[in-house]
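**Student:** Please see the structure below; I have some questions.
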Amino acid sequence: MQGTDSSRTASHDRRTVTSWLLGTGVAASLASFFYPVARFLNPPQVAEAAVNEVDAGKVQDLKPNSGKIVKFGNKPALLVRVNDTEWKAFSAVCTHLNCTVQYQDARREIWCACHNGTYDLNGRVISGPPPKPLEELAVKFRGDEVVISRRA
Amino acid sequence: MGNNLSSTEFKAKTLDWLDERTGWRMVRDLMDHKVVPIHAGTKWYYFGGITLFLFGVQIFTGVLLLLYYRPTVAEAFDSVRFLMTRVEFGWLIRSIHSWSANLLILSAFIHMFSVVFTHAYRRPRELTWLSGIVLLGLLLGFGFSGYLLPWNQISYFATKVGTDVAGTMPVAGPTLSRFLRGGEDVGGATLTRFFDFHVIILPLIAFGLVGLHVLLVQKHGMSTPSDIPPEKVAQMKFFPNFFLRELVVWYGVLAVLGTLAAIFPWELGEKADPFASAPAGIRPEWYFLAQFYTLKLIPSHVWILEGELLGLFGFGALAAGWVLLPFWAAGRHKLASGVGVFLICYLAAFTFLGYVK
Ligand code: HEM
Ligand code: FES
């Protein structure tokens, strides 16, 4: 095919414009296909039932110098009976990487098995990788029931 | 005419007919021409094949496990227990799947390091190396996602920690951790997702990549050591000479696998309880132990950085350097070997420490 110079550039320009339109059109449609997929992968926020207070069992069920895990909403909490009269409660979620901590009666410490983190009975880090103290919860009594609540 | 056709003629005609329609002779010709160099390092060529074989074992046993496994928090643990105690040879199939997963990762590591020490990553095999690295990453993903499936205490907490480490990454961390967990915490949604990763997503990607990897190996032929001129290297035909040897090796691997699986049946442990303390002695699978132990050693704060973040940056930089090895190692093969030795020492030492401490 022969053509004058100007007609050749014109058809060239036309082609550039067409492929640009086609390219952006396809890109935009692809984006519109995959955007919903990307959003779909992201799990929706489920409203957490706000728990401020839970019943943690009877006083006489926990011996002095021992601890137990109780459900605090959908997270675990650690209730410790330090001695006859003194009680402590913490969020049992280790501040390092989220494992559930436990009370160690022999050493009177709170211990995390995952990376050997230890906390004292005020929730402060004694050793290991945890960066922050455990969140402390309040302990109250209602008759012979122990009640744990979020501290104001 | 048909009745005086001899059987050899008949066979030739049939094969011609088939070739005209499928082009199968092309494959035969390829196999005819494939050769394997013979030299001191020839034995290392077996490890790619062993990895492929064990991958096949995973697919076979995995598909069998799927007949009984149920991916929900309520049923997962009990379905695996049912499989192990009531289904005939269920314990064996599960034990083989678990042992084979571990041997698979081991042989993939051996395969990778043999590529480093024989400098087989050299031009034009950079993409073969890259596809191999991605495959190794996928295998680790298989291991990590499969570990959670029985829903026992150890795997539950290992997954909590693993997904939390991902969450400490800057910028994308929280999104990634939510994406992996399917929510804020490890729970039923995580199990569903990990099941999907383990039996659909990862296998689909892995099939494609294994195909690409093997195709590239076929295209380039086996590499020869850099210190021997290629024309001086003796060759053996791949088919049948090397192939039969490889079959014997596979048979041996199968024997080892069967023995391990039968003598040391894989344990199930206790059902995961999100409201129990993390059990003592918790640790991930051995191939994550080196990272795990490094995490244990890093203090919570270094200068202004959080400990995990520092560890993550360290691992990230190391991994990036390793992935790009063919691109910086050209002409520096001694350095590449040195880095390989260093990496093996680090992995071996820290895996050991992670195991005993
Ligand atoms: C298409 C291929 C695969 C399928 C269909 C499959 C399927 C399964 C199923 C149903 C389970 C749960 C049963 C159980 O816990 O024993 C499982 C567990 C597991 N899989 Fe796979 N799998 C495949 C490939 C792999 C690969 C390539 C690996 C390794 C890198 C792997 C590693 C594991 C591990 C470590 C477990 C946990 C074993 C345990 O603790 O019992 N799987 N797999
Ligand atoms: S999660 Fe508790 S010390 Fe790491």
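Residue numbers start at 1 in each chain; chains themselves are named A, B, ... in the order of the structure tokens; ligands are numbered from 1 in the order shown.
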Near chain B, which residues of chain A fall within 10 Å when you count only C-alpha atoms, and what do they look like as a ChimeraX atom specification?
**Tutor:** /A:41-46,68-72,74-78,92-93,96-103,111-117,127-132
**Student:** Sorted by chain and rising residue number, list the residues of chain B at most 6 Å from ligand 1 (counting only C-alpha atoms and all ligand atoms), each with its closest atom pair and distance in Å to one decimal, as a Markdown table.
**Tutor:**
| residue | atom | partner | partner_atom_place_in_ligand_line | distance |
| --- | --- | --- | --- | --- |
| B:Phe55 | CA | ligand 1 | 27 (C) | 5.7 |
| B:Gln58 | CA | ligand 1 | 24 (C) | 4.7 |
| B:Ile59 | CA | ligand 1 | 2 (C) | 3.9 |
| B:Gly62 | CA | ligand 1 | 6 (C) | 3.5 |
| B:Val63 | CA | ligand 1 | 5 (C) | 4.5 |
| B:Leu65 | CA | ligand 1 | 10 (C) | 4.7 |
| B:Leu66 | CA | ligand 1 | 10 (C) | 4.4 |
| B:Tyr69 | CA | ligand 1 | 10 (C) | 5.6 |
| B:Arg94 | CA | ligand 1 | 16 (O) | 4.7 |
| B:Ser98 | CA | ligand 1 | 38 (C) | 4.7 |
| B:Ala101 | CA | ligand 1 | 29 (C) | 3.9 |
| B:Leu139 | CA | ligand 1 | 30 (C) | 4.4 |
| B:Leu140 | CA | ligand 1 | 30 (C) | 5.9 |
| B:Phe142 | CA | ligand 1 | 30 (C) | 4.6 |
| B:Gly143 | CA | ligand 1 | 35 (C) | 4.4 |
| B:Gly146 | CA | ligand 1 | 36 (C) | 3.7 |
| B:Tyr147 | CA | ligand 1 | 37 (C) | 4.1 |
| B:Leu149 | CA | ligand 1 | 12 (C) | 5.2 |
| B:Pro150 | CA | ligand 1 | 15 (O) | 4.4 |
| B:Val199 | CA | ligand 1 | 5 (C) | 4.6 |
| B:Pro203 | CA | ligand 1 | 1 (C) | 5.0 |
**Student:** Residues within 12 Å of Glu75 of chain B, please, as a PyMOL selection string. Count only C-alpha atoms; anything in the same chain fewer than 6 positions from it doesn't count.
**Tutor:** chain B and resi 68-69+81-83+149-152+188+191-192+271-272
**Student:** Please return as an MDAnalysis selection string: the residues of chain A that backbone DSSP assigns to alpha helix (DSSP H).
**Tutor:** chainID A and resid 5:41
**Student:** When you look at segment 37-45 of chain B with a cut-off of 12 Å (counting only C-alpha atoms), what residues show up, excluding the ones that are within fewer than 6 positions of it in the same chain? I need them as a PyMOL selection string.
**Tutor:** chain B and resi 51+107-120+217+221-238+241-243+245-246+249
**Student:** When you look at Ser131 of chain B with a cut-off of 7 Å (counting only C-alpha atoms), what residues show up, excluding the ones that are within fewer than 4 positions of it in the same chain? I need them as a ChimeraX atom specification.
**Tutor:** /B:127,135,209,213
**Student:** Write out, as a compact mmCIF listing (two decimals), in the first residue's frame, the residues just selected, with all heavy atoms.
**Tutor:**
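The resulting file, out-v3.txt, is reproduced below:
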# COMPACT_ATOMS: atom_id res chain seq x y z
N LEU B 127 16.01 -17.78 35.76
CA LEU B 127 14.57 -17.94 36.00
C LEU B 127 14.27 -19.31 36.61
O LEU B 127 13.31 -19.47 37.35
CB LEU B 127 13.78 -17.75 34.71
CG LEU B 127 13.80 -16.32 34.15
CD1 LEU B 127 12.94 -16.23 32.91
CD2 LEU B 127 13.31 -15.33 35.20
N LEU B 135 8.91 -21.74 44.66
CA LEU B 135 8.38 -23.05 45.04
C LEU B 135 8.72 -23.38 46.49
O LEU B 135 7.88 -23.90 47.24
CB LEU B 135 8.92 -24.14 44.12
CG LEU B 135 8.14 -24.31 42.82
CD1 LEU B 135 8.89 -25.22 41.86
CD2 LEU B 135 6.76 -24.89 43.13
N LEU B 209 3.88 -23.77 38.75
CA LEU B 209 5.30 -23.45 38.90
C LEU B 209 6.19 -24.68 38.75
O LEU B 209 7.28 -24.58 38.20
CB LEU B 209 5.55 -22.81 40.27
CG LEU B 209 5.38 -21.30 40.28
CD1 LEU B 209 5.50 -20.79 41.69
CD2 LEU B 209 6.44 -20.65 39.40
N HIS B 213 9.16 -24.85 36.13
CA HIS B 213 10.50 -25.19 36.62
C HIS B 213 11.08 -26.36 35.81
O HIS B 213 12.19 -26.29 35.30
CB HIS B 213 10.36 -25.57 38.10
CG HIS B 213 11.63 -25.67 38.87
ND1 HIS B 213 12.37 -24.57 39.25
CD2 HIS B 213 12.29 -26.75 39.35
CE1 HIS B 213 13.42 -24.97 39.93
NE2 HIS B 213 13.41 -26.30 40.01
**Student:** Considering only C-alpha atoms, return as a PDB file with N, CA and C atoms, in the first residue's frame whatever protein or nucleic-acid residues lie within 9 Å of Arg125 of chain B, sequence-local ones (same chain, fewer than 3 positions apart) excluded.
**Tutor:**
ATOM      1  N   ALA B 120      24.943 -23.740  39.572  1.00  0.00           N
ATOM      2  CA  ALA B 120      24.034 -24.067  38.475  1.00  0.00           C
ATOM      3  C   ALA B 120      23.058 -22.929  38.191  1.00  0.00           C
ATOM      4  N   TYR B 121      23.091 -21.884  39.029  1.00  0.00           N
ATOM      5  CA  TYR B 121      22.186 -20.752  38.831  1.00  0.00           C
ATOM      6  C   TYR B 121      22.701 -19.823  37.725  1.00  0.00           C
ATOM      7  N   ARG B 122      23.895 -20.115  37.187  1.00  0.00           N
ATOM      8  CA  ARG B 122      24.524 -19.218  36.201  1.00  0.00           C
ATOM      9  C   ARG B 122      23.641 -19.003  34.975  1.00  0.00           C
ATOM     10  N   THR B 128      15.102 -20.294  36.295  1.00  0.00           N
ATOM     11  CA  THR B 128      14.935 -21.599  36.938  1.00  0.00           C
ATOM     12  C   THR B 128      15.152 -21.433  38.437  1.00  0.00           C
ATOM     13  N   TRP B 129      16.192 -20.687  38.801  1.00  0.00           N
ATOM     14  CA  TRP B 129      16.472 -20.414  40.215  1.00  0.00           C
ATOM     15  C   TRP B 129      15.281 -19.697  40.862  1.00  0.00           C
ATOM     16  N   LEU B 130      14.810 -18.643  40.201  1.00  0.00           N
ATOM     17  CA  LEU B 130      13.708 -17.868  40.790  1.00  0.00           C
ATOM     18  C   LEU B 130      12.461 -18.731  40.981  1.00  0.00           C
ATOM     19  N   LEU B 216      11.803 -25.424  32.191  1.00  0.00           N
ATOM     20  CA  LEU B 216      13.041 -24.662  32.041  1.00  0.00           C
ATOM     21  C   LEU B 216      14.249 -25.583  32.151  1.00  0.00           C
ATOM     22  N   VAL B 217      14.181 -26.539  33.085  1.00  0.00           N
ATOM     23  CA  VAL B 217      15.285 -27.485  33.229  1.00  0.00           C
ATOM     24  C   VAL B 217      15.450 -28.254  31.926  1.00  0.00           C
ATOM     25  N   HIS B 220      17.094 -25.967  29.165  1.00  0.00           N
ATOM     26  CA  HIS B 220      18.516 -25.656  29.284  1.00  0.00           C
ATOM     27  C   HIS B 220      19.404 -26.878  29.406  1.00  0.00           C
ATOM     28  N   SER B 223      23.127 -28.423  33.984  1.00  0.00           N
ATOM     29  CA  SER B 223      24.325 -27.595  33.942  1.00  0.00           C
ATOM     30  C   SER B 223      25.549 -28.443  34.243  1.00  0.00           C
ATOM     31  N   PRO B 326      21.577 -15.198  41.663  1.00  0.00           N
ATOM     32  CA  PRO B 326      22.179 -15.324  40.330  1.00  0.00           C
ATOM     33  C   PRO B 326      22.611 -13.980  39.761  1.00  0.00           C
TER      34      PRO B 326
END
**Student:** If I take atom CA of Phe47 of chain B and atom CA of Ile105 of chain B, how far is one from the other in Å, to one decimal?
**Tutor:**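 About the pair atom CA of Phe47 of chain B and atom CA of Ile105 of chain B: they are 11.2 Å apart.
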**Student:** Smallest atom-to-atom distance to ligand 2: which of B:Thr294, B:Ile93, B:Gly141, B:Gln218, using only C-alpha atoms and all ligand atoms?
**Tutor:**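 Nearest to ligand 2: B:Thr294.
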